[in-house]
$ cat target-v6.txt   # compact mmCIF, C-alpha atoms
# COMPACT_ATOMS: atom_id res chain seq x y z
CA MET A 1 -30.24 8.38 12.28
CA ALA A 2 -28.68 5.67 10.16
CA SER A 3 -26.96 8.05 7.76
CA SER A 4 -25.18 9.95 10.53
CA GLY A 5 -24.24 6.87 12.53
CA SER A 6 -25.86 8.18 15.70
CA GLY A 7 -26.80 5.26 17.91
CA TYR A 8 -25.32 2.68 15.55
CA ASP A 9 -21.62 3.52 15.88
CA LEU A 10 -21.14 2.58 19.54
CA SER A 11 -20.03 -0.96 18.73
CA ALA A 12 -18.41 -2.75 15.80
CA SER A 13 -20.94 -5.55 16.27
CA THR A 14 -23.94 -3.32 15.46
CA PHE A 15 -25.41 -2.97 11.99
CA SER A 16 -27.29 0.17 11.00
CA PRO A 17 -30.75 -0.26 9.38
CA ASP A 18 -29.16 0.19 5.94
CA GLY A 19 -26.58 -2.55 6.58
CA ARG A 20 -23.53 -0.46 7.46
CA ILE A 21 -20.98 -0.98 10.25
CA PHE A 22 -19.90 2.53 11.15
CA GLN A 23 -16.96 1.50 13.31
CA VAL A 24 -15.36 -0.16 10.27
CA GLU A 25 -16.07 2.92 8.16
CA TYR A 26 -14.44 5.15 10.79
CA ALA A 27 -11.38 2.87 10.77
CA THR A 28 -11.25 3.20 6.98
CA LYS A 29 -11.28 7.01 7.39
CA ALA A 30 -8.23 6.73 9.64
CA VAL A 31 -6.44 4.89 6.83
CA GLU A 32 -7.48 7.47 4.23
CA ASN A 33 -5.91 10.24 6.31
CA ALA A 34 -2.52 8.49 6.46
CA GLY A 35 0.35 8.15 3.96
CA LEU A 36 -0.21 6.61 0.55
CA VAL A 37 0.81 3.00 -0.14
CA LEU A 38 1.14 1.62 -3.67
CA GLY A 39 1.72 -1.89 -4.93
CA VAL A 40 2.33 -3.07 -8.50
CA LYS A 41 2.57 -6.67 -9.70
CA GLY A 42 4.85 -6.74 -12.71
CA SER A 43 5.79 -9.32 -15.29
CA ASN A 44 8.92 -10.31 -13.36
CA GLY A 45 8.12 -9.46 -9.75
CA VAL A 46 6.22 -7.16 -7.40
CA VAL A 47 7.04 -3.67 -6.06
CA LEU A 48 5.83 -1.83 -2.94
CA GLY A 49 6.06 1.93 -2.47
CA VAL A 50 5.16 4.21 0.45
CA ALA A 51 5.08 7.98 0.90
CA LYS A 52 5.90 8.77 4.53
CA PRO A 53 4.79 12.31 5.50
CA ILE A 54 7.32 14.01 7.76
CA HIS A 55 5.08 15.78 10.27
CA HIS A 56 7.85 17.52 12.19
CA LYS A 57 11.29 18.82 11.28
CA MET A 58 12.86 17.03 14.26
CA VAL A 59 11.64 13.57 13.24
CA VAL A 60 14.30 11.13 12.04
CA PRO A 61 12.42 9.37 9.20
CA THR A 62 14.95 6.55 8.81
CA THR A 63 14.39 5.14 12.32
CA GLY A 64 12.75 1.76 12.75
CA SER A 65 9.77 3.27 14.54
CA TYR A 66 8.97 5.34 11.45
CA LYS A 67 9.23 2.49 8.94
CA ARG A 68 6.25 1.68 6.74
CA ILE A 69 7.65 -1.29 4.79
CA HIS A 70 8.64 -4.41 6.73
CA THR A 71 10.17 -7.78 5.88
CA CYS A 72 7.99 -10.34 7.66
CA ASP A 73 9.78 -13.36 6.15
CA HIS A 74 12.44 -13.59 3.48
CA HIS A 75 9.70 -14.08 0.84
CA ILE A 76 7.07 -11.79 2.39
CA GLY A 77 7.00 -7.98 2.51
CA MET A 78 4.35 -5.72 4.01
CA ALA A 79 3.65 -2.02 3.46
CA THR A 80 1.34 -0.43 6.01
CA THR A 81 -0.54 2.82 6.49
CA GLY A 82 -2.95 4.19 9.04
CA PHE A 83 -2.62 4.28 12.82
CA LEU A 84 1.03 3.36 13.35
CA PRO A 85 0.64 1.22 16.53
CA ASP A 86 -2.07 -0.80 14.78
CA CYS A 87 0.29 -1.26 11.82
CA ARG A 88 2.93 -2.73 14.13
CA VAL A 89 0.43 -5.25 15.48
CA LEU A 90 -0.37 -6.41 11.95
CA VAL A 91 3.33 -6.75 11.13
CA GLN A 92 3.96 -8.78 14.28
CA ARG A 93 0.98 -11.02 13.52
CA THR A 94 2.31 -11.60 10.00
CA VAL A 95 5.71 -12.61 11.38
CA GLU A 96 4.05 -15.02 13.83
CA GLU A 97 1.82 -16.60 11.17
CA SER A 98 4.78 -17.15 8.86
CA SER A 99 6.95 -18.56 11.65
CA ASP A 100 4.21 -20.90 12.94
CA TRP A 101 3.60 -22.27 9.43
CA LYS A 102 7.29 -22.99 8.95
CA ASP A 103 7.55 -24.71 12.37
CA THR A 104 4.49 -26.86 11.63
CA TYR A 105 4.96 -27.77 7.97
CA GLY A 106 8.67 -27.16 7.41
CA SER A 107 8.12 -24.86 4.41
CA ASN A 108 7.43 -21.21 3.69
CA ILE A 109 3.84 -20.11 4.00
CA PRO A 110 2.13 -19.49 0.63
CA PRO A 111 1.29 -15.77 0.28
CA VAL A 112 -2.37 -16.46 -0.50
CA VAL A 113 -2.75 -18.55 2.68
CA LEU A 114 -1.06 -15.82 4.69
CA GLY A 115 -3.46 -13.24 3.27
CA ASP A 116 -6.46 -15.37 4.24
CA ARG A 117 -5.16 -15.85 7.78
CA LEU A 118 -4.44 -12.15 8.25
CA GLY A 119 -7.87 -11.31 6.86
CA SER A 120 -9.53 -13.60 9.40
CA TYR A 121 -7.51 -12.01 12.20
CA ILE A 122 -8.46 -8.47 11.16
CA HIS A 123 -12.10 -9.47 10.64
CA TYR A 124 -12.27 -10.91 14.17
CA PHE A 125 -11.87 -7.38 15.54
CA THR A 126 -15.09 -6.31 13.79
CA LEU A 127 -17.20 -9.00 15.48
CA HIS A 128 -17.03 -8.17 19.18
CA GLY A 129 -18.23 -5.14 21.09
CA ALA A 130 -15.23 -5.26 23.43
CA LEU A 131 -12.81 -4.77 20.50
CA ARG A 132 -12.34 -2.08 17.89
CA PRO A 133 -11.41 -2.51 14.22
CA PHE A 134 -7.82 -1.92 13.12
CA GLY A 135 -7.24 1.64 11.97
CA ALA A 136 -4.70 0.33 9.50
CA ALA A 137 -4.40 -1.21 6.06
CA ALA A 138 -1.66 -3.44 4.69
CA VAL A 139 -0.42 -4.24 1.21
CA VAL A 140 1.31 -7.64 1.24
CA ALA A 141 3.75 -8.83 -1.40
CA GLY A 142 4.96 -12.41 -1.53
CA TYR A 143 6.64 -15.08 -3.63
CA ASP A 144 5.14 -18.55 -3.86
CA GLU A 145 7.97 -21.09 -4.22
CA GLU A 146 5.64 -23.81 -5.52
CA THR A 147 3.93 -21.84 -8.29
CA LYS A 148 6.99 -19.62 -8.93
CA GLU A 149 4.71 -16.58 -8.98
CA THR A 150 4.51 -13.34 -7.02
CA VAL A 151 1.35 -12.28 -5.22
CA LEU A 152 0.07 -8.79 -4.34
CA GLN A 153 -2.74 -8.47 -1.79
CA CYS A 154 -4.40 -5.62 0.11
CA LEU A 155 -6.11 -5.95 3.48
CA GLU A 156 -8.47 -3.18 4.58
CA PRO A 157 -9.97 -2.70 8.09
CA ASN A 158 -12.89 -4.96 7.17
CA GLY A 159 -10.50 -7.91 6.84
CA ALA A 160 -11.23 -8.83 3.23
CA PRO A 161 -8.04 -9.94 1.42
CA TYR A 162 -8.07 -9.19 -2.31
CA SER A 163 -5.36 -9.89 -4.89
CA TYR A 164 -4.42 -7.11 -7.31
CA TYR A 165 -2.36 -6.26 -10.37
CA GLY A 166 -1.99 -2.76 -8.94
CA VAL A 167 -3.38 -1.31 -5.71
CA ALA A 168 -3.39 1.93 -3.73
CA THR A 169 -4.56 2.69 -0.20
CA GLY A 170 -4.20 5.66 2.11
CA LYS A 171 -4.46 9.38 1.41
CA GLY A 172 -5.14 10.12 -2.25
CA LYS A 173 -5.87 6.52 -3.12
CA GLN A 174 -8.62 7.36 -5.64
CA ALA A 175 -6.31 9.54 -7.73
CA ALA A 176 -3.57 6.92 -7.44
CA LYS A 177 -5.95 4.15 -8.55
CA THR A 178 -6.91 6.21 -11.58
CA GLU A 179 -3.25 6.51 -12.57
CA LEU A 180 -2.67 2.79 -12.02
CA GLU A 181 -5.67 1.92 -14.19
CA LYS A 182 -4.16 3.93 -17.04
CA LEU A 183 -1.25 1.48 -17.10
CA ASN A 184 -3.55 -1.45 -18.04
CA LEU A 185 -1.56 -3.77 -15.80
CA HIS A 186 -4.07 -6.58 -16.24
CA LYS A 187 -3.37 -6.64 -20.00
CA THR A 188 0.21 -5.41 -20.39
CA PRO A 189 2.25 -6.03 -17.22
CA VAL A 190 5.27 -3.80 -16.70
CA THR A 191 8.69 -4.88 -15.46
CA VAL A 192 9.68 -4.17 -11.86
CA GLU A 193 12.09 -1.50 -13.10
CA GLU A 194 9.23 0.26 -14.89
CA ALA A 195 6.97 -0.24 -11.87
CA VAL A 196 9.47 1.62 -9.65
CA LYS A 197 9.34 4.58 -12.05
CA HIS A 198 5.55 4.64 -12.24
CA ILE A 199 5.15 4.40 -8.45
CA LEU A 200 7.53 7.32 -7.90
CA LYS A 201 5.77 9.36 -10.57
CA ILE A 202 2.39 8.85 -8.89
CA LEU A 203 3.74 9.67 -5.42
CA HIS A 204 5.35 12.92 -6.60
CA MET A 205 2.35 13.87 -8.74
CA LEU A 206 -0.04 13.60 -5.79
CA GLN A 207 2.30 15.62 -3.59
CA GLN A 208 2.39 18.42 -6.15
CA GLU A 209 -1.41 18.47 -6.35
CA GLU A 210 -1.86 18.82 -2.59
CA LYS A 211 -2.27 22.42 -1.43
CA ASP A 212 -0.96 21.84 2.09
CA SER A 213 1.47 19.04 1.23
CA LYS A 214 4.17 18.23 3.75
CA PRO A 215 7.66 16.94 3.03
CA PHE A 216 7.73 13.19 2.61
CA GLU A 217 10.19 10.36 2.31
CA VAL A 218 9.78 7.45 -0.08
CA GLU A 219 10.26 3.79 0.80
CA LEU A 220 10.46 1.21 -1.98
CA SER A 221 10.94 -2.54 -1.89
CA TRP A 222 10.56 -5.42 -4.30
CA ILE A 223 10.54 -9.17 -4.79
CA CYS A 224 12.06 -10.18 -8.11
CA GLU A 225 14.87 -12.12 -9.73
CA ALA A 226 17.32 -9.28 -9.01
CA SER A 227 16.61 -9.68 -5.29
CA GLY A 228 16.87 -13.48 -5.41
CA TRP A 229 13.08 -13.70 -5.01
CA LYS A 230 13.47 -12.28 -1.51
CA HIS A 231 11.91 -9.14 -0.11
CA LYS A 232 14.54 -6.41 -0.23
CA GLY A 233 14.76 -2.67 -0.57
CA VAL A 234 15.13 -1.20 -4.05
CA PRO A 235 18.74 0.00 -4.56
CA LYS A 236 19.20 3.70 -3.75
CA ASP A 237 20.84 4.50 -7.09
CA MET A 238 17.82 3.08 -8.92
CA ILE A 239 15.45 5.11 -6.72
CA GLN A 240 17.43 8.26 -7.45
CA SER A 241 17.45 7.76 -11.22
CA ALA A 242 13.77 6.79 -11.23
CA THR A 243 12.91 9.90 -9.18
CA GLU A 244 14.69 12.11 -11.71
CA TRP A 245 12.78 10.39 -14.54
CA ALA A 246 9.46 10.85 -12.71
CA LYS A 247 10.04 14.56 -12.12
CA GLU A 248 11.05 15.07 -15.75
CA GLN A 249 7.89 13.34 -16.92
CA LEU A 250 5.72 15.50 -14.66
CA GLU A 251 7.43 18.67 -15.91
CA GLU A 252 6.89 17.64 -19.54
CA GLU A 253 3.22 16.87 -18.92
CA GLU A 254 2.74 20.19 -17.13
CA SER A 255 4.44 22.01 -20.02
CA ASP A 256 2.22 20.22 -22.56
CA ASP A 257 -0.88 21.20 -20.57
CA ASP A 258 0.23 24.85 -20.54
CA ASP A 259 0.76 24.77 -24.32
CA ASP A 260 -2.70 23.29 -24.83
CA ASP A 261 -4.25 26.00 -22.65
CA GLU A 262 -2.48 28.73 -24.63
CA ALA A 263 -3.65 27.21 -27.92
CA MET A 264 -7.24 27.13 -26.70
CA GLU A 265 -7.06 30.77 -25.63
CA GLU A 266 -5.73 31.79 -29.05
CA ASP A 267 -8.58 29.93 -30.76
$ encode --input "target-v6.txt" --output "structure tokens"
Amino acid sequence: MASSGSGYDLSASTFSPDGRIFQVEYATKAVENAGLVLGVKGSNGVVLGVAKPIHHKMVVPTTGSYKRIHTCDHHIGMATTGFLPDCRVLVQRTVEESSDWKDTYGSNIPPVVLGDRLGSYIHYFTLHGALRPFGAAAVVAGYDEETKETVLQCLEPNGAPYSYYGVATGKGKQAAKTELEKLNLHKTPVTVEEAVKHILKILHMLQQEEKDSKPFEVELSWICEASGWKHKGVPKDMIQSATEWAKEQLEEEESDDDDDDEAMEED
């Protein structure tokens, strides 16, 4: 019974005999079926990237209701995926936490403190039978004015806030994590300009690998010296040039793989 969740998935406050909370696992599944979100902490800033699937030809992807990356304060950016209404609640809570901190202490909220507060808020919804966990995940980027450092955090439906050098969540996150690990970001950090290219390459690579892939739109934002250490969108001309670079790289890799296959057949 425990493995299937039967009888133990009626409430988020119920543990199964093997220590699982199925409601939280179901919420995580909702995130894994949504668009991919990537975050990379570079040597001179942090970059967020989102692939927004366009489910219908009549959808206007540039509207505010379809946004996946939000500016919650001038030094805080949030990329979300999962159940869209739940994402909006998390964004609004982030705005409120940042505003309350500034009203109380007269300074900008440190990103790490914000992550802890959001994590506690998300975790609260896994403790009571009358509530359900958030079917959403958020990648939060921030700039700490005291330490002069950028911070990249990811919050899953369980409410645990972790800091990362590079992170992926949403559909295809395992393949994306594998590609991020190849960059060795913990040893050799890339610049934000290089991070933009790598994020776009991963997003387009995963779309090509999907059999039933739908058209998607890319959102990119960053916090770096070029943006005045404020959360802003990556310039469109840079996105365009980086997209061309990413597609060229994928074509070269595909061509190299074909040559290797031909060589093996000849042998």
$ closest_residue --input "target-v6.txt" --among "A:Arg88, A:Arg93, A:Val218, A:Ser98" --to "A:Ala242" --atoms "all atoms listed in the file"
A:Val218
$ closest_residue --input "target-v6.txt" --among "A:Thr188, A:Thr243, A:Ser163, A:Thr169" --to "A:Lys201" --atoms "all atoms listed in the file"
A:Thr243
$ residues_around --input "target-v6.txt" --residues "A:Tyr66" --least-positions-apart "3" --cutoff "12 Å" --atoms "all atoms listed in the file" --output "ChimeraX atom specification"
/A:35,50-55,59-63,69-70,80-81,83-85,87-88,216-219
$ residues_around --input "target-v6.txt" --residues "A:Leu10" --least-positions-apart "5" --cutoff "10 Å" --atoms "all atoms listed in the file" --output "PyMOL selection string"
chain A and resi 5+21-23+129
$ atom_distance --input "target-v6.txt" --atom1 "atom CA of A:Lys148" --atom2 "atom CA of A:Leu200"
27.0 Å
$ atom_distance --input "target-v6.txt" --atom1 "atom CA of A:Lys197" --atom2 "atom CA of A:Ile239"
8.1 Å
$ atom_distance --input "target-v6.txt" --atom1 "atom CA of A:Leu180" --atom2 "atom CA of A:Gly166"
6.4 Å
$ closest_residue --input "target-v6.txt" --among "A:Gly77, A:Pro157, A:Gly19, A:Lys67" --to "A:Pro133" --atoms "all atoms listed in the file"
A:Pro157
$ closest_atom_pairs --input "target-v6.txt" --of "stretch 45-90 of chain A" --to "stretch 99-111 of chain A" --cutoff "9 Å" --atoms "only C-alpha atoms" --output "tab-separated table"
residue	atom	partner	partner_atom	distance
A:Asp73	CA	A:Ser99	CA	8.1
A:His75	CA	A:Asn108	CA	8.0
A:Ile76	CA	A:Pro111	CA	7.3
$ residues_around --input "target-v6.txt" --residues "A:Met205" --least-positions-apart "6" --cutoff "9 Å" --atoms "only C-alpha atoms" --output "ChimeraX atom specification"
/A:246-247,250
$ residues_near_point --input "target-v6.txt" --point "(-15.0, -11.8, 7.4)" --cutoff "8 Å" --atoms "only C-alpha atoms" --output "PyMOL selection string"
chain A and resi 119-120+123-124+158-160
$ residues_around --input "target-v6.txt" --residues "A:Ser227" --least-positions-apart "4" --cutoff "12 Å" --atoms "all atoms listed in the file" --output "ChimeraX atom specification"
/A:44-47,74-75,143,192,221-223,231-235
$ decode --input "target-v6.txt" --residues "stretch 53-197 of chain A" --atoms "C-alpha atoms" --output "PDB file, in the first residue's frame"
ATOM      1  CA  PRO A  53       5.894  26.090 -23.930  1.00  0.00           C
ATOM      2  CA  ILE A  54       3.277  27.692 -26.177  1.00  0.00           C
ATOM      3  CA  HIS A  55       0.346  25.301 -25.799  1.00  0.00           C
ATOM      4  CA  HIS A  56      -1.947  27.027 -28.283  1.00  0.00           C
ATOM      5  CA  LYS A  57      -1.396  29.073 -31.422  1.00  0.00           C
ATOM      6  CA  MET A  58      -3.730  31.809 -30.166  1.00  0.00           C
ATOM      7  CA  VAL A  59      -1.790  32.439 -26.950  1.00  0.00           C
ATOM      8  CA  VAL A  60       0.085  35.738 -26.715  1.00  0.00           C
ATOM      9  CA  PRO A  61       3.277  34.618 -24.919  1.00  0.00           C
ATOM     10  CA  THR A  62       4.479  38.142 -24.126  1.00  0.00           C
ATOM     11  CA  THR A  63       1.504  38.994 -21.887  1.00  0.00           C
ATOM     12  CA  GLY A  64       2.014  39.472 -18.170  1.00  0.00           C
ATOM     13  CA  SER A  65      -0.163  36.485 -17.336  1.00  0.00           C
ATOM     14  CA  TYR A  66       2.204  34.216 -19.266  1.00  0.00           C
ATOM     15  CA  LYS A  67       5.413  35.511 -17.687  1.00  0.00           C
ATOM     16  CA  ARG A  68       7.711  33.087 -15.907  1.00  0.00           C
ATOM     17  CA  ILE A  69      10.438  35.488 -14.729  1.00  0.00           C
ATOM     18  CA  HIS A  70       9.472  38.268 -12.327  1.00  0.00           C
ATOM     19  CA  THR A  71      11.258  41.172 -10.647  1.00  0.00           C
ATOM     20  CA  CYS A  72      10.241  40.979  -6.986  1.00  0.00           C
ATOM     21  CA  ASP A  73      12.566  43.808  -5.882  1.00  0.00           C
ATOM     22  CA  HIS A  74      15.226  45.716  -7.768  1.00  0.00           C
ATOM     23  CA  HIS A  75      17.862  43.239  -6.471  1.00  0.00           C
ATOM     24  CA  ILE A  76      15.693  40.095  -6.516  1.00  0.00           C
ATOM     25  CA  GLY A  77      14.505  38.069  -9.514  1.00  0.00           C
ATOM     26  CA  MET A  78      12.393  34.915  -9.529  1.00  0.00           C
ATOM     27  CA  ALA A  79      11.867  32.309 -12.249  1.00  0.00           C
ATOM     28  CA  THR A  80       8.939  29.965 -11.678  1.00  0.00           C
ATOM     29  CA  THR A  81       7.543  26.776 -13.152  1.00  0.00           C
ATOM     30  CA  GLY A  82       4.673  24.458 -12.345  1.00  0.00           C
ATOM     31  CA  PHE A  83       1.021  25.314 -11.745  1.00  0.00           C
ATOM     32  CA  LEU A  84       0.825  28.933 -12.883  1.00  0.00           C
ATOM     33  CA  PRO A  85      -1.628  30.258 -10.230  1.00  0.00           C
ATOM     34  CA  ASP A  86       0.584  28.764  -7.514  1.00  0.00           C
ATOM     35  CA  CYS A  87       3.584  30.484  -9.111  1.00  0.00           C
ATOM     36  CA  ARG A  88       1.822  33.844  -8.858  1.00  0.00           C
ATOM     37  CA  VAL A  89       1.194  33.300  -5.143  1.00  0.00           C
ATOM     38  CA  LEU A  90       4.901  32.651  -4.576  1.00  0.00           C
ATOM     39  CA  VAL A  91       5.832  35.783  -6.527  1.00  0.00           C
ATOM     40  CA  GLN A  92       3.395  37.894  -4.517  1.00  0.00           C
ATOM     41  CA  ARG A  93       4.704  36.450  -1.253  1.00  0.00           C
ATOM     42  CA  THR A  94       8.268  37.289  -2.321  1.00  0.00           C
ATOM     43  CA  VAL A  95       7.274  40.880  -3.062  1.00  0.00           C
ATOM     44  CA  GLU A  96       5.582  41.162   0.341  1.00  0.00           C
ATOM     45  CA  GLU A  97       8.547  39.688   2.237  1.00  0.00           C
ATOM     46  CA  SER A  98      10.957  42.067   0.527  1.00  0.00           C
ATOM     47  CA  SER A  99       8.708  45.078   1.101  1.00  0.00           C
ATOM     48  CA  ASP A 100       8.092  44.232   4.782  1.00  0.00           C
ATOM     49  CA  TRP A 101      11.832  43.852   5.421  1.00  0.00           C
ATOM     50  CA  LYS A 102      12.553  47.238   3.863  1.00  0.00           C
ATOM     51  CA  ASP A 103       9.754  48.919   5.883  1.00  0.00           C
ATOM     52  CA  THR A 104      11.024  47.366   9.129  1.00  0.00           C
ATOM     53  CA  TYR A 105      14.801  47.629   8.761  1.00  0.00           C
ATOM     54  CA  GLY A 106      15.223  50.317   6.112  1.00  0.00           C
ATOM     55  CA  SER A 107      17.439  48.157   3.880  1.00  0.00           C
ATOM     56  CA  ASN A 108      17.094  45.549   1.160  1.00  0.00           C
ATOM     57  CA  ILE A 109      16.435  42.020   2.318  1.00  0.00           C
ATOM     58  CA  PRO A 110      19.478  39.710   1.988  1.00  0.00           C
ATOM     59  CA  PRO A 111      18.756  36.999  -0.624  1.00  0.00           C
ATOM     60  CA  VAL A 112      19.646  34.176   1.768  1.00  0.00           C
ATOM     61  CA  VAL A 113      17.175  35.483   4.382  1.00  0.00           C
ATOM     62  CA  LEU A 114      14.506  35.799   1.708  1.00  0.00           C
ATOM     63  CA  GLY A 115      15.103  32.199   0.632  1.00  0.00           C
ATOM     64  CA  ASP A 116      14.729  30.970   4.214  1.00  0.00           C
ATOM     65  CA  ARG A 117      11.490  32.900   4.691  1.00  0.00           C
ATOM     66  CA  LEU A 118      10.013  31.646   1.429  1.00  0.00           C
ATOM     67  CA  GLY A 119      11.057  28.109   2.318  1.00  0.00           C
ATOM     68  CA  SER A 120       9.238  28.334   5.650  1.00  0.00           C
ATOM     69  CA  TYR A 121       6.135  29.660   3.899  1.00  0.00           C
ATOM     70  CA  ILE A 122       6.128  26.832   1.339  1.00  0.00           C
ATOM     71  CA  HIS A 123       6.850  24.230   4.024  1.00  0.00           C
ATOM     72  CA  TYR A 124       3.871  25.433   6.079  1.00  0.00           C
ATOM     73  CA  PHE A 125       1.568  24.140   3.334  1.00  0.00           C
ATOM     74  CA  THR A 126       2.898  20.602   3.847  1.00  0.00           C
ATOM     75  CA  LEU A 127       2.006  20.525   7.554  1.00  0.00           C
ATOM     76  CA  HIS A 128      -1.772  20.842   7.627  1.00  0.00           C
ATOM     77  CA  GLY A 129      -4.476  18.576   6.290  1.00  0.00           C
ATOM     78  CA  ALA A 130      -6.650  21.528   5.271  1.00  0.00           C
ATOM     79  CA  LEU A 131      -3.941  22.809   2.881  1.00  0.00           C
ATOM     80  CA  ARG A 132      -2.183  21.362  -0.140  1.00  0.00           C
ATOM     81  CA  PRO A 133       1.471  21.760  -1.141  1.00  0.00           C
ATOM     82  CA  PHE A 134       2.412  24.266  -3.828  1.00  0.00           C
ATOM     83  CA  GLY A 135       2.521  22.694  -7.279  1.00  0.00           C
ATOM     84  CA  ALA A 136       5.289  25.098  -8.183  1.00  0.00           C
ATOM     85  CA  ALA A 137       9.034  25.583  -7.887  1.00  0.00           C
ATOM     86  CA  ALA A 138      11.014  28.811  -7.909  1.00  0.00           C
ATOM     87  CA  VAL A 139      14.598  29.694  -8.741  1.00  0.00           C
ATOM     88  CA  VAL A 140      15.547  32.918  -6.952  1.00  0.00           C
ATOM     89  CA  ALA A 141      18.448  35.152  -7.934  1.00  0.00           C
ATOM     90  CA  GLY A 142      19.592  38.017  -5.751  1.00  0.00           C
ATOM     91  CA  TYR A 143      22.382  40.464  -5.003  1.00  0.00           C
ATOM     92  CA  ASP A 144      23.567  40.995  -1.442  1.00  0.00           C
ATOM     93  CA  GLU A 145      24.661  44.626  -1.037  1.00  0.00           C
ATOM     94  CA  GLU A 146      26.643  43.886   2.138  1.00  0.00           C
ATOM     95  CA  THR A 147      28.720  40.967   0.857  1.00  0.00           C
ATOM     96  CA  LYS A 148      28.757  42.257  -2.758  1.00  0.00           C
ATOM     97  CA  GLU A 149      27.912  38.754  -3.958  1.00  0.00           C
ATOM     98  CA  THR A 150      25.121  37.217  -6.008  1.00  0.00           C
ATOM     99  CA  VAL A 151      23.047  34.314  -4.719  1.00  0.00           C
ATOM    100  CA  LEU A 152      21.209  31.565  -6.620  1.00  0.00           C
ATOM    101  CA  GLN A 153      18.625  29.474  -4.753  1.00  0.00           C
ATOM    102  CA  CYS A 154      15.984  26.909  -5.696  1.00  0.00           C
ATOM    103  CA  LEU A 155      12.820  26.211  -3.731  1.00  0.00           C
ATOM    104  CA  GLU A 156      10.952  22.970  -4.409  1.00  0.00           C
ATOM    105  CA  PRO A 157       7.423  22.047  -3.174  1.00  0.00           C
ATOM    106  CA  ASN A 158       8.906  20.639   0.041  1.00  0.00           C
ATOM    107  CA  GLY A 159      10.085  24.128   1.024  1.00  0.00           C
ATOM    108  CA  ALA A 160      13.801  23.396   1.346  1.00  0.00           C
ATOM    109  CA  PRO A 161      15.894  26.348   0.073  1.00  0.00           C
ATOM    110  CA  TYR A 162      19.255  25.310  -1.368  1.00  0.00           C
ATOM    111  CA  SER A 163      21.963  27.512  -2.877  1.00  0.00           C
ATOM    112  CA  TYR A 164      23.520  26.440  -6.179  1.00  0.00           C
ATOM    113  CA  TYR A 165      26.245  27.213  -8.695  1.00  0.00           C
ATOM    114  CA  GLY A 166      23.890  25.918 -11.384  1.00  0.00           C
ATOM    115  CA  VAL A 167      20.365  24.541 -11.054  1.00  0.00           C
ATOM    116  CA  ALA A 168      17.552  23.166 -13.197  1.00  0.00           C
ATOM    117  CA  THR A 169      13.939  22.368 -12.369  1.00  0.00           C
ATOM    118  CA  GLY A 170      10.895  21.497 -14.419  1.00  0.00           C
ATOM    119  CA  LYS A 171      10.515  19.218 -17.433  1.00  0.00           C
ATOM    120  CA  GLY A 172      13.802  17.655 -18.491  1.00  0.00           C
ATOM    121  CA  LYS A 173      15.643  18.788 -15.385  1.00  0.00           C
ATOM    122  CA  GLN A 174      17.790  15.634 -15.130  1.00  0.00           C
ATOM    123  CA  ALA A 175      19.213  16.071 -18.622  1.00  0.00           C
ATOM    124  CA  ALA A 176      19.709  19.779 -17.961  1.00  0.00           C
ATOM    125  CA  LYS A 177      21.520  19.065 -14.675  1.00  0.00           C
ATOM    126  CA  THR A 178      23.832  16.679 -16.503  1.00  0.00           C
ATOM    127  CA  GLU A 179      24.754  19.419 -18.975  1.00  0.00           C
ATOM    128  CA  LEU A 180      25.282  21.940 -16.173  1.00  0.00           C
ATOM    129  CA  GLU A 181      27.559  19.529 -14.320  1.00  0.00           C
ATOM    130  CA  LYS A 182      29.755  19.263 -17.422  1.00  0.00           C
ATOM    131  CA  LEU A 183      30.542  22.974 -17.062  1.00  0.00           C
ATOM    132  CA  ASN A 184      32.231  22.422 -13.651  1.00  0.00           C
ATOM    133  CA  LEU A 185      30.761  25.677 -12.375  1.00  0.00           C
ATOM    134  CA  HIS A 186      31.948  24.976  -8.829  1.00  0.00           C
ATOM    135  CA  LYS A 187      35.580  24.967 -10.027  1.00  0.00           C
ATOM    136  CA  THR A 188      35.655  27.256 -13.066  1.00  0.00           C
ATOM    137  CA  PRO A 189      32.823  29.805 -12.963  1.00  0.00           C
ATOM    138  CA  VAL A 190      31.733  31.250 -16.300  1.00  0.00           C
ATOM    139  CA  THR A 191      30.900  34.878 -17.025  1.00  0.00           C
ATOM    140  CA  VAL A 192      27.256  35.928 -17.318  1.00  0.00           C
ATOM    141  CA  GLU A 193      27.725  36.337 -21.078  1.00  0.00           C
ATOM    142  CA  GLU A 194      28.914  32.730 -21.325  1.00  0.00           C
ATOM    143  CA  ALA A 195      26.117  31.602 -18.997  1.00  0.00           C
ATOM    144  CA  VAL A 196      23.508  33.088 -21.357  1.00  0.00           C
ATOM    145  CA  LYS A 197      24.970  31.033 -24.213  1.00  0.00           C
TER     146      LYS A 197
END
